[in-house]
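Novice: Next up, work-v1.csv (CSV, C-alpha atoms (C1' of nucleotides)).
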chain,number,residue,atom,x,y,z
Z,86,MET,CA,-12.8,44.4,57.9
Z,87,PRO,CA,-12.1,41.7,60.3
Z,88,ALA,CA,-9.4,43.4,62.3
Z,89,HIS,CA,-9.7,42.2,65.8
Z,90,ASP,CA,-10.5,38.5,65.8
Z,91,ARG,CA,-7.3,38.1,67.7
Z,92,PRO,CA,-8.2,37.0,71.3
Z,93,ASP,CA,-6.7,38.3,74.4
Z,94,VAL,CA,-3.6,36.7,75.9
Z,95,THR,CA,-3.0,35.6,79.4
Z,96,ASP,CA,-0.2,37.0,81.7
Z,97,ALA,CA,2.2,34.2,81.1
Z,98,GLU,CA,1.5,34.3,77.3
Z,99,LEU,CA,2.1,38.0,77.4
Z,100,GLY,CA,5.5,37.5,79.0
Z,101,VAL,CA,6.5,35.3,76.1
Z,102,LEU,CA,5.2,37.8,73.6
Z,103,GLN,CA,7.1,40.6,75.2
Z,104,ALA,CA,10.3,38.6,75.1
Z,105,LEU,CA,9.7,38.0,71.4
Z,106,TRP,CA,9.0,41.7,70.8
Z,107,ASP,CA,12.2,42.6,72.7
Z,108,ASP,CA,14.6,40.0,71.4
Z,109,GLY,CA,13.1,39.2,68.0
Z,110,PRO,CA,12.7,35.6,66.7
Z,111,SER,CA,13.8,33.1,69.2
Z,112,THR,CA,13.9,29.4,70.0
Z,113,ILE,CA,12.2,27.8,73.0
Z,114,ARG,CA,15.6,27.4,74.6
Z,115,GLN,CA,16.4,31.1,74.3
Z,116,LEU,CA,13.0,32.2,75.6
Z,117,THR,CA,13.2,29.8,78.5
Z,118,ASP,CA,16.7,31.1,79.5
Z,119,ARG,CA,15.3,34.6,79.4
Z,120,LEU,CA,12.0,34.1,81.1
Z,121,TYR,CA,13.0,31.5,83.7
Z,122,PRO,CA,16.8,31.8,84.3
Z,123,SER,CA,17.9,28.7,86.1
Z,124,GLY,CA,14.7,27.0,84.9
Z,125,GLY,CA,14.7,23.3,84.3
Z,126,THR,CA,13.0,21.0,81.8
Z,127,SER,CA,9.5,21.8,83.2
Z,128,HIS,CA,9.9,25.5,82.5
Z,129,TYR,CA,11.0,24.7,79.0
Z,130,ALA,CA,7.8,22.7,78.5
Z,131,THR,CA,5.8,25.6,79.9
Z,132,VAL,CA,7.2,28.0,77.4
Z,133,GLN,CA,6.6,25.4,74.7
Z,134,LYS,CA,2.9,25.2,75.7
Z,135,LEU,CA,2.5,28.9,75.9
Z,136,LEU,CA,4.0,29.3,72.4
Z,137,GLU,CA,1.6,26.6,71.1
Z,138,ARG,CA,-1.3,28.5,72.5
Z,139,LEU,CA,0.0,31.8,71.2
Z,140,GLU,CA,0.3,30.3,67.8
Z,141,GLN,CA,-3.3,29.1,67.8
Z,142,LYS,CA,-4.4,32.6,68.8
Z,143,GLY,CA,-2.5,34.0,65.8
Z,144,CYS,CA,-0.1,36.0,67.8
Z,145,VAL,CA,3.0,34.0,67.0
Z,146,ALA,CA,4.4,32.4,63.9
Z,147,ARG,CA,6.5,29.3,64.0
Z,148,ASN,CA,9.2,28.5,61.5
Z,149,ARG,CA,9.5,24.7,61.2
Z,150,ALA,CA,12.2,24.8,58.5
Z,151,ALA,CA,15.0,23.7,60.8
Z,152,MET,CA,14.7,20.9,63.3
Z,153,THR,CA,14.7,23.4,66.1
Z,154,HIS,CA,11.7,25.7,65.4
Z,155,VAL,CA,12.1,29.4,65.5
Z,156,PHE,CA,9.2,31.5,66.9
Z,157,ALA,CA,8.4,35.1,66.1
Z,158,ALA,CA,5.6,37.5,67.0
Z,159,SER,CA,3.2,37.7,64.1
Z,160,VAL,CA,1.8,41.1,65.3
Z,161,SER,CA,3.6,44.2,66.3
Z,162,ARG,CA,3.4,45.5,69.8
Z,163,GLU,CA,1.6,48.7,68.6
Z,164,ALA,CA,-0.9,46.8,66.5
Z,165,PHE,CA,-1.6,44.4,69.3
Z,166,VAL,CA,-2.1,47.1,71.9
Z,167,GLY,CA,-4.3,49.0,69.5
Z,168,ASP,CA,-6.4,46.0,68.7
Z,169,ARG,CA,-6.8,45.1,72.3
Z,170,VAL,CA,-7.9,48.6,73.3
Z,171,ARG,CA,-10.3,48.6,70.4
Z,172,ALA,CA,-11.7,45.3,71.6
Z,173,VAL,CA,-12.2,46.6,75.1
Z,174,ALA,CA,-13.9,49.7,73.7
Z,175,GLU,CA,-16.1,47.6,71.5
Z,176,ARG,CA,-17.1,45.3,74.3
Z,177,LEU,CA,-17.8,48.1,76.8
Z,178,CYS,CA,-19.4,50.8,74.7
Z,179,GLY,CA,-20.3,49.3,71.4
Z,180,GLY,CA,-17.6,50.6,69.2
Z,181,SER,CA,-17.9,54.3,69.5
Z,182,ILE,CA,-14.5,55.1,70.9
Z,183,ALA,CA,-14.7,58.9,70.6
Z,184,PRO,CA,-16.0,59.2,74.2
Z,185,VAL,CA,-13.1,57.0,75.3
Z,186,LEU,CA,-10.6,59.2,73.6
Z,187,THR,CA,-12.2,62.2,75.2
Z,188,HIS,CA,-12.0,60.6,78.7
Z,189,LEU,CA,-8.4,59.6,78.2
Z,190,LEU,CA,-7.4,63.0,77.0
Z,191,LYS,CA,-9.1,64.5,80.0
Z,192,THR,CA,-7.6,62.2,82.6
Z,193,GLU,CA,-4.1,61.5,81.3
Z,194,SER,CA,-1.3,63.9,81.2
Z,195,ILE,CA,0.3,64.0,77.8
Z,196,SER,CA,3.5,65.7,76.9
Z,197,GLU,CA,3.4,68.8,74.6
Z,198,GLY,CA,5.2,66.8,71.9
Z,199,ASP,CA,2.7,64.1,71.9
Z,200,ARG,CA,-0.1,66.6,71.9
Z,201,LYS,CA,1.4,68.2,68.9
Z,202,GLU,CA,1.5,64.9,67.1
Z,203,LEU,CA,-2.1,64.1,68.0
Z,204,ARG,CA,-3.2,67.5,66.8
Z,205,LYS,CA,-1.5,66.9,63.5
Z,206,LEU,CA,-3.3,63.5,63.1
Z,207,LEU,CA,-6.6,65.2,63.9
Z,208,ASN,CA,-6.1,67.7,61.1
Z,209,THR,CA,-5.5,65.2,58.4
Z,210,ILE,CA,-8.6,64.3,56.4
Z,211,GLN,CA,-10.1,61.1,57.6
Z,212,PRO,CA,-10.5,58.4,55.0
Z,213,LYS,CA,-14.2,57.8,54.4
Z,214,MET,CA,-15.5,54.4,55.5
Z,215,PRO,CA,-17.8,52.6,53.0
W,40,MET,CA,-4.8,59.0,92.6
W,41,PRO,CA,-5.5,55.3,92.9
W,42,ALA,CA,-7.7,55.1,89.8
W,43,HIS,CA,-7.5,51.7,88.4
W,44,ASP,CA,-7.5,49.2,91.2
W,45,ARG,CA,-10.9,48.3,89.8
W,46,PRO,CA,-10.6,44.8,88.3
W,47,ASP,CA,-12.1,43.7,85.1
W,48,VAL,CA,-15.6,42.3,85.0
W,49,THR,CA,-16.8,39.1,83.3
W,50,ASP,CA,-19.4,39.0,80.5
W,51,ALA,CA,-22.4,38.2,82.8
W,52,GLU,CA,-21.3,40.9,85.3
W,53,LEU,CA,-21.0,43.4,82.4
W,54,GLY,CA,-24.6,42.6,81.4
W,55,VAL,CA,-25.7,43.5,84.9
W,56,LEU,CA,-23.6,46.7,84.9
W,57,GLN,CA,-25.0,47.7,81.5
W,58,ALA,CA,-28.5,47.3,82.8
W,59,LEU,CA,-27.7,49.5,85.8
W,60,TRP,CA,-26.2,52.1,83.6
W,61,ASP,CA,-29.3,52.1,81.3
W,62,ASP,CA,-32.0,51.9,83.9
W,63,GLY,CA,-30.4,53.5,87.0
W,64,PRO,CA,-30.6,52.0,90.5
W,65,SER,CA,-32.6,48.8,90.5
W,66,THR,CA,-33.6,45.9,92.6
W,67,ILE,CA,-32.6,42.3,91.9
W,68,ARG,CA,-36.1,41.6,90.8
W,69,GLN,CA,-36.0,44.5,88.2
W,70,LEU,CA,-32.7,43.4,86.9
W,71,THR,CA,-33.7,39.8,86.6
W,72,ASP,CA,-36.9,40.7,84.7
W,73,ARG,CA,-34.8,42.7,82.3
W,74,LEU,CA,-31.9,40.4,81.8
W,75,TYR,CA,-33.7,37.1,82.0
W,76,PRO,CA,-37.3,37.7,80.9
W,77,SER,CA,-39.3,34.6,81.9
W,78,GLY,CA,-36.5,33.7,84.2
W,79,GLY,CA,-37.2,31.7,87.3
W,80,THR,CA,-35.8,31.6,90.8
W,81,SER,CA,-32.4,30.4,89.7
W,82,HIS,CA,-31.8,33.3,87.4
W,83,TYR,CA,-32.8,35.6,90.3
W,84,ALA,CA,-30.0,33.9,92.3
W,85,THR,CA,-27.6,34.3,89.4
W,86,VAL,CA,-28.2,38.1,89.3
W,87,GLN,CA,-27.8,38.2,93.0
W,88,LYS,CA,-24.4,36.5,92.9
W,89,LEU,CA,-23.3,38.7,90.0
W,90,LEU,CA,-24.2,41.8,92.0
W,91,GLU,CA,-22.4,40.4,95.0
W,92,ARG,CA,-19.2,40.0,93.0
W,93,LEU,CA,-19.6,43.4,91.4
W,94,GLU,CA,-20.0,44.9,94.8
W,95,GLN,CA,-16.8,43.3,95.9
W,96,LYS,CA,-15.0,44.6,92.8
W,97,GLY,CA,-16.2,48.1,93.7
W,98,CYS,CA,-18.3,48.6,90.6
W,99,VAL,CA,-21.7,48.5,92.3
W,100,ALA,CA,-23.0,50.1,95.5
W,101,ARG,CA,-25.8,48.5,97.5
W,102,ASN,CA,-28.3,50.4,99.5
W,103,ARG,CA,-29.3,48.3,102.4
W,104,ALA,CA,-31.7,50.8,103.9
W,105,ALA,CA,-34.9,49.1,102.9
W,106,MET,CA,-35.5,45.4,103.3
W,107,THR,CA,-35.2,45.0,99.5
W,108,HIS,CA,-31.8,46.3,98.6
W,109,VAL,CA,-31.3,48.7,95.8
W,110,PHE,CA,-28.2,48.4,93.6
W,111,ALA,CA,-26.5,51.2,91.6
W,112,ALA,CA,-23.4,51.4,89.5
W,113,SER,CA,-20.7,53.1,91.5
W,114,VAL,CA,-18.8,54.1,88.5
W,115,SER,CA,-20.0,55.8,85.3
W,116,ARG,CA,-19.8,54.1,82.0
W,117,GLU,CA,-17.3,56.5,80.7
W,118,ALA,CA,-15.0,56.3,83.7
W,119,PHE,CA,-15.2,52.6,83.7
W,120,VAL,CA,-14.3,52.3,80.0
W,121,GLY,CA,-11.6,54.8,80.5
W,122,ASP,CA,-10.1,52.9,83.4
W,123,ARG,CA,-10.3,49.7,81.6
W,124,VAL,CA,-8.6,51.0,78.5
W,125,ARG,CA,-5.9,52.6,80.7
W,126,ALA,CA,-5.4,49.2,82.5
W,127,VAL,CA,-4.9,47.5,79.1
W,128,ALA,CA,-2.5,50.1,78.0
W,129,GLU,CA,-0.7,49.8,81.3
W,130,ARG,CA,-0.4,46.1,81.1
W,131,LEU,CA,0.6,46.0,77.5
W,132,CYS,CA,2.9,48.9,77.1
W,133,GLY,CA,3.8,50.1,80.5
W,134,GLY,CA,1.6,53.1,80.9
W,135,SER,CA,2.6,55.4,78.1
W,136,ILE,CA,-0.7,55.7,76.3
W,137,ALA,CA,0.3,58.3,73.8
W,138,PRO,CA,1.3,55.7,71.2
W,139,VAL,CA,-2.1,54.0,71.8
W,140,LEU,CA,-3.9,57.2,71.2
W,141,THR,CA,-1.9,57.7,68.0
W,142,HIS,CA,-2.7,54.3,66.8
W,143,LEU,CA,-6.4,54.7,67.6
W,144,LEU,CA,-6.6,58.0,65.8
W,145,LYS,CA,-4.9,56.5,62.8
W,146,THR,CA,-7.1,53.4,62.5
W,147,GLU,CA,-10.4,54.6,63.7
W,148,SER,CA,-12.7,56.9,61.7
W,149,ILE,CA,-14.0,59.7,63.9
W,150,SER,CA,-16.6,62.2,63.0
W,151,GLU,CA,-15.8,65.9,62.4
W,152,GLY,CA,-17.7,66.9,65.4
W,153,ASP,CA,-15.7,64.6,67.7
W,154,ARG,CA,-12.5,65.7,66.1
W,155,LYS,CA,-13.4,69.2,66.9
W,156,GLU,CA,-14.0,68.3,70.5
W,157,LEU,CA,-10.7,66.4,70.7
W,158,ARG,CA,-8.8,69.3,69.2
W,159,LYS,CA,-10.3,71.6,71.8
W,160,LEU,CA,-9.2,69.3,74.6
W,161,LEU,CA,-5.7,69.1,73.2
W,162,ASN,CA,-5.4,72.9,73.2
W,163,THR,CA,-6.3,73.3,76.8
W,164,ILE,CA,-3.3,73.6,79.0
W,165,GLN,CA,-2.7,70.4,80.7
W,166,PRO,CA,-2.7,70.6,84.5
W,167,LYS,CA,0.7,69.6,85.8
W,168,MET,CA,1.0,66.5,87.7
W,169,PRO,CA,2.8,66.7,91.1
L,235,DC,C1',26.5,1.3,64.9
L,236,DC,C1',24.4,3.2,68.7
L,237,DC,C1',23.3,6.1,72.0
L,238,DA,C1',23.2,10.4,74.7
L,239,DG,C1',21.6,15.0,74.5
L,240,DG,C1',18.5,18.1,72.8
L,241,DG,C1',14.3,18.8,70.3
L,242,DT,C1',9.0,18.0,69.5
L,243,DA,C1',4.3,16.3,70.5
L,244,DA,C1',0.6,15.0,73.4
L,245,DG,C1',-1.6,15.3,77.3
L,246,DA,C1',-2.4,15.0,82.7
L,247,DC,C1',-3.0,17.9,86.5
L,248,DA,C1',-4.4,21.3,90.3
L,249,DA,C1',-5.8,25.7,91.1
L,250,DA,C1',-8.6,29.4,89.9
L,251,DC,C1',-12.5,31.5,87.6
L,252,DT,C1',-17.5,31.7,85.8
L,253,DG,C1',-22.0,31.1,85.4
L,254,DT,C1',-25.7,28.6,87.4
L,255,DC,C1',-28.3,26.7,90.8
L,256,DT,C1',-30.0,24.9,95.7
L,257,DG,C1',-31.2,25.4,100.2
L,258,DA,C1',-32.0,27.6,104.6
L,259,DA,C1',-33.2,31.6,107.3
L,260,DC,C1',-35.4,35.9,107.6
L,261,DT,C1',-39.2,39.8,107.0
L,262,DC,C1',-43.3,41.7,105.9
L,263,DG,C1',-48.5,42.2,105.1
L,264,DC,C1',-52.5,40.0,105.8
J,200,DG,C1',-49.3,32.1,111.7
J,201,DC,C1',-48.9,31.8,106.4
J,202,DG,C1',-47.1,32.7,102.2
J,203,DA,C1',-44.8,35.4,99.0
J,204,DG,C1',-40.6,37.7,98.4
J,205,DT,C1',-36.2,38.6,100.0
J,206,DT,C1',-31.1,37.8,101.7
J,207,DC,C1',-27.3,34.8,102.7
J,208,DA,C1',-24.1,30.9,102.2
J,209,DG,C1',-22.4,27.8,99.6
J,210,DA,C1',-22.3,23.7,96.1
J,211,DC,C1',-21.5,22.6,91.5
J,212,DA,C1',-19.8,21.7,86.6
J,213,DG,C1',-17.4,23.5,82.9
J,214,DT,C1',-13.7,26.2,81.4
J,215,DT,C1',-9.2,28.5,81.7
J,216,DT,C1',-4.3,28.8,83.1
J,217,DG,C1',0.1,27.7,84.3
J,218,DT,C1',2.9,23.8,85.3
J,219,DC,C1',4.7,19.5,84.7
J,220,DT,C1',5.4,14.4,82.8
J,221,DT,C1',6.0,11.3,79.5
J,222,DA,C1',7.0,9.4,75.1
J,223,DC,C1',8.9,9.8,70.9
J,224,DC,C1',12.2,11.6,67.2
J,225,DC,C1',16.5,13.5,65.2
J,226,DT,C1',21.4,14.2,64.9
J,227,DG,C1',26.3,14.0,65.8
J,228,DG,C1',30.4,11.9,68.3
J,229,DG,C1',32.6,7.8,70.0
What would the structure in this file look like if it were written as structure tokens?
Specialist:
Amino acid sequence: MPAHDRPDVTDAELGVLQALWDDGPSTIRQLTDRLYPSGGTSHYATVQKLLERLEQKGCVARNRAAMTHVFAASVSREAFVGDRVRAVAERLCGGSIAPVLTHLLKTESISEGDRKELRKLLNTIQPKMP
Amino acid sequence: MPAHDRPDVTDAELGVLQALWDDGPSTIRQLTDRLYPSGGTSHYATVQKLLERLEQKGCVARNRAAMTHVFAASVSREAFVGDRVRAVAERLCGGSIAPVLTHLLKTESISEGDRKELRKLLNTIQPKMP
DNA sequence: CCCAGGGTAAGACAAACTGTCTGAACTCGC
DNA sequence: GCGAGTTCAGACAGTTTGTCTTACCCTGGG
């Protein structure tokens, strides 16, 4: 299953994506006002270019119906973070992420509630991969 | 604990790091022979430059005792992967990695043995952070 | 009608990054 | 002292990244 052919995004692109996650579908104008308050025409163009690149990367969908296009994130925050973490694990240790999980559990402090949740997930039967 | 001030590494740098992880401390010559078999003087210089950058990034330690320096990874594979995953989670969702763990557990298939290990880790009392 | 204000599209641009490569100086054993 | 092997310093082209400019296209109000 081709899950993570979605490339990484740059810092500025991430800013736009975060804004879309927070505010929902928006126009360039709305995004510009949020990301560059008191920003001029050039910042508007910057956001425009960032959205164009995000669209090519498959992270943003553009609705061309109206004259003024409306942009929306085409991937949820959680899925994106998950894919990105998986990509890092893939690149660095060849896909076996169990050691990574172990390391994270050892070094991160996790609340009791979250631990409970994780325990529950671990106890569910894992669907077999073909 | 200033854990993750270690920056990311590029693809070529990662190749060198992997070689160091696999083979242990090595000289430039050994690394060049491994990474660029039948490589000439220029590849030697390439490895040299990559090691220099890795040293600056704090990923590689150089032993200058002998005339021919010996290089070693200054971070274990597991710690590096962990730090990198943590950095990604930090950048993308502000440090709370529990949702990431949840997502990974949900979407990745993990062997029963590994699940057992993770369960055990989850059951140990978490040391309180100051 | 026309034209001003907002929108899109296309691309130029400098700065930084990446991988590669060149040249000079330096050290050792013979 | 020579030559092979090493370190050091930096040049270099190709790509990426964030910014910005320009030209063009709609649409609504006078």
Novice: Cα RMSD of chain Z on chain W, all Cα atoms paired in order, least-squares fit?
Specialist: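 Pairing the C-alpha atoms in order and fitting gives 0.3 Å.
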Novice: From the set W:Gln87, W:Arg73, W:Leu56, W:Thr66, which residue has the shortest atom-to-atom contact distance to DC255 (chain L), counting all atoms listed in the file?
Specialist: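 Looking only at the distances to DC255 (chain L), the closest residue turns out to be W:Gln87.
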Novice: Determine which residues of chain J sit within 12 Å of chain Z, taking into account all atoms listed in the file, and present them as number ranges by chain.
Specialist: J: 215-221, 224-226
Novice: Could you tell me how far C1' of DG202 (chain J) lies from CA of Ser65 (chain W), in Å and to one decimal?
Specialist: 24.6 Å
Novice: Box in all listed atoms of region 222-228 of chain J, axis-aligned, with 8 Å more on each side; write out centre and edge lengths in Å to one decimal as AutoDock Vina command-line options.
Specialist:
--center_x 18.7 --center_y 11.8 --center_z 70.0 --size_x 39.4 --size_y 20.8 --size_z 26.2
Novice: From the options Z:Val145, Z:Ile113, Z:Leu136, Z:Ala172, which residue's atoms come nearest to Pro92 (chain Z), counting only C-alpha atoms?
Specialist: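 Ranked by minimum distance to Pro92 (chain Z), first place goes to Z:Ala172.
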Novice: Would you pick out the contacts of DT205 (chain J) at 10 Å or less, using all atoms listed in the file, so that residues sharing its chain but fewer than 3 positions from it are not included, and give the list as a ChimeraX atom specification?
Specialist: /W:67-68,106-108 /L:260-262
Novice: Hey, which of L:DA243, L:DC264, L:DC251, L:DA258 ends up closest to chain W? Count only C-alpha atoms (C1' of nucleotides).
Specialist: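 Comparing L:DA243, L:DC264, L:DC251, L:DA258 against chain W, the winner is L:DC251.
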Novice: What separation in Å, quoted to one decimal, exists between CA of Glu197 (chain Z) and CA of Asn162 (chain W)?
Specialist: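 Taking CA of Glu197 (chain Z) as the start and CA of Asn162 (chain W) as the end point, the length is 9.8 Å.
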Novice: Using only C-alpha atoms, determine which residues of chain Z fall within 6 Å of chain W; present them as JSON, numbers by chain.
Specialist: {"Z": [167, 170, 185]}
Novice: If you count all atoms listed in the file, which residues fall within 12 Å of DC223 (chain J), apart from same-chain ones fewer than 4 positions away, as an mmCIF file with C-alpha atoms (C1' of nucleotides), keeping the file's coordinate frame?
Specialist:
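Printed below is out_20.cif as written:
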data_model
loop_
_atom_site.group_PDB
_atom_site.id
_atom_site.type_symbol
_atom_site.label_atom_id
_atom_site.label_comp_id
_atom_site.auth_asym_id
_atom_site.auth_seq_id
_atom_site.Cartn_x
_atom_site.Cartn_y
_atom_site.Cartn_z
ATOM 1 C "C1'" DG L 241 14.300 18.800 70.300
ATOM 2 C "C1'" DT L 242 9.000 18.000 69.500
ATOM 3 C "C1'" DA L 243 4.300 16.300 70.500
ATOM 4 C "C1'" DA L 244 0.600 15.000 73.400
#
Novice: For each of L:DT256, L:DA250, L:DC237, L:DG263, take the minimum atom-to-atom distance to chain W, counting all atoms listed in the file, then give the residue where this is smallest.
Specialist: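 The closest residue to chain W is L:DT256.
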Novice: One decimal, Å: what's the distance from CA of Arg101 (chain W) over to CA of Leu59 (chain W), could you say?
Specialist: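 Between CA of Arg101 (chain W) and CA of Leu59 (chain W) the gap is 11.9 Å.
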Novice: What would region 103-112 of chain W look like with all heavy atoms restored, written as an mmCIF file, in the coordinates of the input?
Specialist:
data_model
loop_
_atom_site.group_PDB
_atom_site.id
_atom_site.type_symbol
_atom_site.label_atom_id
_atom_site.label_comp_id
_atom_site.auth_asym_id
_atom_site.auth_seq_id
_atom_site.Cartn_x
_atom_site.Cartn_y
_atom_site.Cartn_z
ATOM 1 N N ARG W 103 -28.708 49.254 101.569
ATOM 2 C CA ARG W 103 -29.300 48.300 102.400
ATOM 3 C C ARG W 103 -30.455 48.865 103.286
ATOM 4 O O ARG W 103 -30.976 48.194 104.190
ATOM 5 C CB ARG W 103 -28.307 47.647 103.364
ATOM 6 C CG ARG W 103 -27.259 46.789 102.666
ATOM 7 C CD ARG W 103 -26.258 46.237 103.685
ATOM 8 N NE ARG W 103 -25.794 44.901 103.357
ATOM 9 C CZ ARG W 103 -24.711 44.653 102.606
ATOM 10 N NH1 ARG W 103 -24.023 45.659 102.101
ATOM 11 N NH2 ARG W 103 -24.344 43.422 102.360
ATOM 12 N N ALA W 104 -30.781 50.143 103.049
ATOM 13 C CA ALA W 104 -31.700 50.800 103.900
ATOM 14 C C ALA W 104 -33.045 50.056 104.005
ATOM 15 O O ALA W 104 -33.497 49.691 105.088
ATOM 16 C CB ALA W 104 -31.965 52.247 103.409
ATOM 17 N N ALA W 105 -33.627 49.806 102.867
ATOM 18 C CA ALA W 105 -34.900 49.100 102.900
ATOM 19 C C ALA W 105 -34.613 47.580 102.957
ATOM 20 O O ALA W 105 -33.480 47.138 102.755
ATOM 21 C CB ALA W 105 -35.691 49.402 101.629
ATOM 22 N N MET W 106 -35.637 46.874 103.249
ATOM 23 C CA MET W 106 -35.500 45.400 103.300
ATOM 24 C C MET W 106 -35.055 44.896 101.930
ATOM 25 O O MET W 106 -34.151 44.076 101.845
ATOM 26 C CB MET W 106 -36.863 44.824 103.658
ATOM 27 C CG MET W 106 -37.177 43.512 102.990
ATOM 28 S SD MET W 106 -37.012 42.143 104.123
ATOM 29 C CE MET W 106 -37.178 40.754 103.022
ATOM 30 N N THR W 107 -35.682 45.394 100.885
ATOM 31 C CA THR W 107 -35.200 45.000 99.500
ATOM 32 C C THR W 107 -34.142 45.969 99.093
ATOM 33 O O THR W 107 -34.375 47.161 98.884
ATOM 34 C CB THR W 107 -36.427 45.105 98.562
ATOM 35 O OG1 THR W 107 -37.489 44.289 99.029
ATOM 36 C CG2 THR W 107 -35.993 44.657 97.178
ATOM 37 N N HIS W 108 -32.942 45.449 98.965
ATOM 38 C CA HIS W 108 -31.800 46.300 98.600
ATOM 39 C C HIS W 108 -31.927 46.892 97.257
ATOM 40 O O HIS W 108 -32.537 46.305 96.367
ATOM 41 C CB HIS W 108 -30.509 45.447 98.720
ATOM 42 C CG HIS W 108 -30.249 44.892 100.085
ATOM 43 N ND1 HIS W 108 -29.161 44.110 100.384
ATOM 44 C CD2 HIS W 108 -30.941 45.016 101.246
ATOM 45 C CE1 HIS W 108 -29.188 43.760 101.655
ATOM 46 N NE2 HIS W 108 -30.272 44.292 102.201
ATOM 47 N N VAL W 109 -31.324 48.063 97.108
ATOM 48 C CA VAL W 109 -31.300 48.700 95.800
ATOM 49 C C VAL W 109 -29.855 48.877 95.360
ATOM 50 O O VAL W 109 -29.017 49.361 96.123
ATOM 51 C CB VAL W 109 -31.978 50.119 95.883
ATOM 52 C CG1 VAL W 109 -31.877 50.817 94.538
ATOM 53 C CG2 VAL W 109 -33.422 49.984 96.313
ATOM 54 N N PHE W 110 -29.592 48.451 94.160
ATOM 55 C CA PHE W 110 -28.200 48.400 93.600
ATOM 56 C C PHE W 110 -28.042 49.541 92.606
ATOM 57 O O PHE W 110 -28.948 49.827 91.821
ATOM 58 C CB PHE W 110 -27.892 47.095 93.018
ATOM 59 C CG PHE W 110 -27.932 45.957 94.001
ATOM 60 C CD1 PHE W 110 -29.139 45.356 94.341
ATOM 61 C CD2 PHE W 110 -26.777 45.497 94.597
ATOM 62 C CE1 PHE W 110 -29.174 44.312 95.254
ATOM 63 C CE2 PHE W 110 -26.812 44.454 95.498
ATOM 64 C CZ PHE W 110 -28.010 43.860 95.834
ATOM 65 N N ALA W 111 -26.854 50.138 92.613
ATOM 66 C CA ALA W 111 -26.500 51.200 91.600
ATOM 67 C C ALA W 111 -25.099 51.035 91.207
ATOM 68 O O ALA W 111 -24.237 50.637 92.002
ATOM 69 C CB ALA W 111 -26.793 52.569 92.211
ATOM 70 N N ALA W 112 -24.816 51.356 89.975
ATOM 71 C CA ALA W 112 -23.400 51.400 89.500
ATOM 72 C C ALA W 112 -22.688 52.464 90.296
ATOM 73 O O ALA W 112 -23.204 53.566 90.480
ATOM 74 C CB ALA W 112 -23.381 51.663 88.023
#
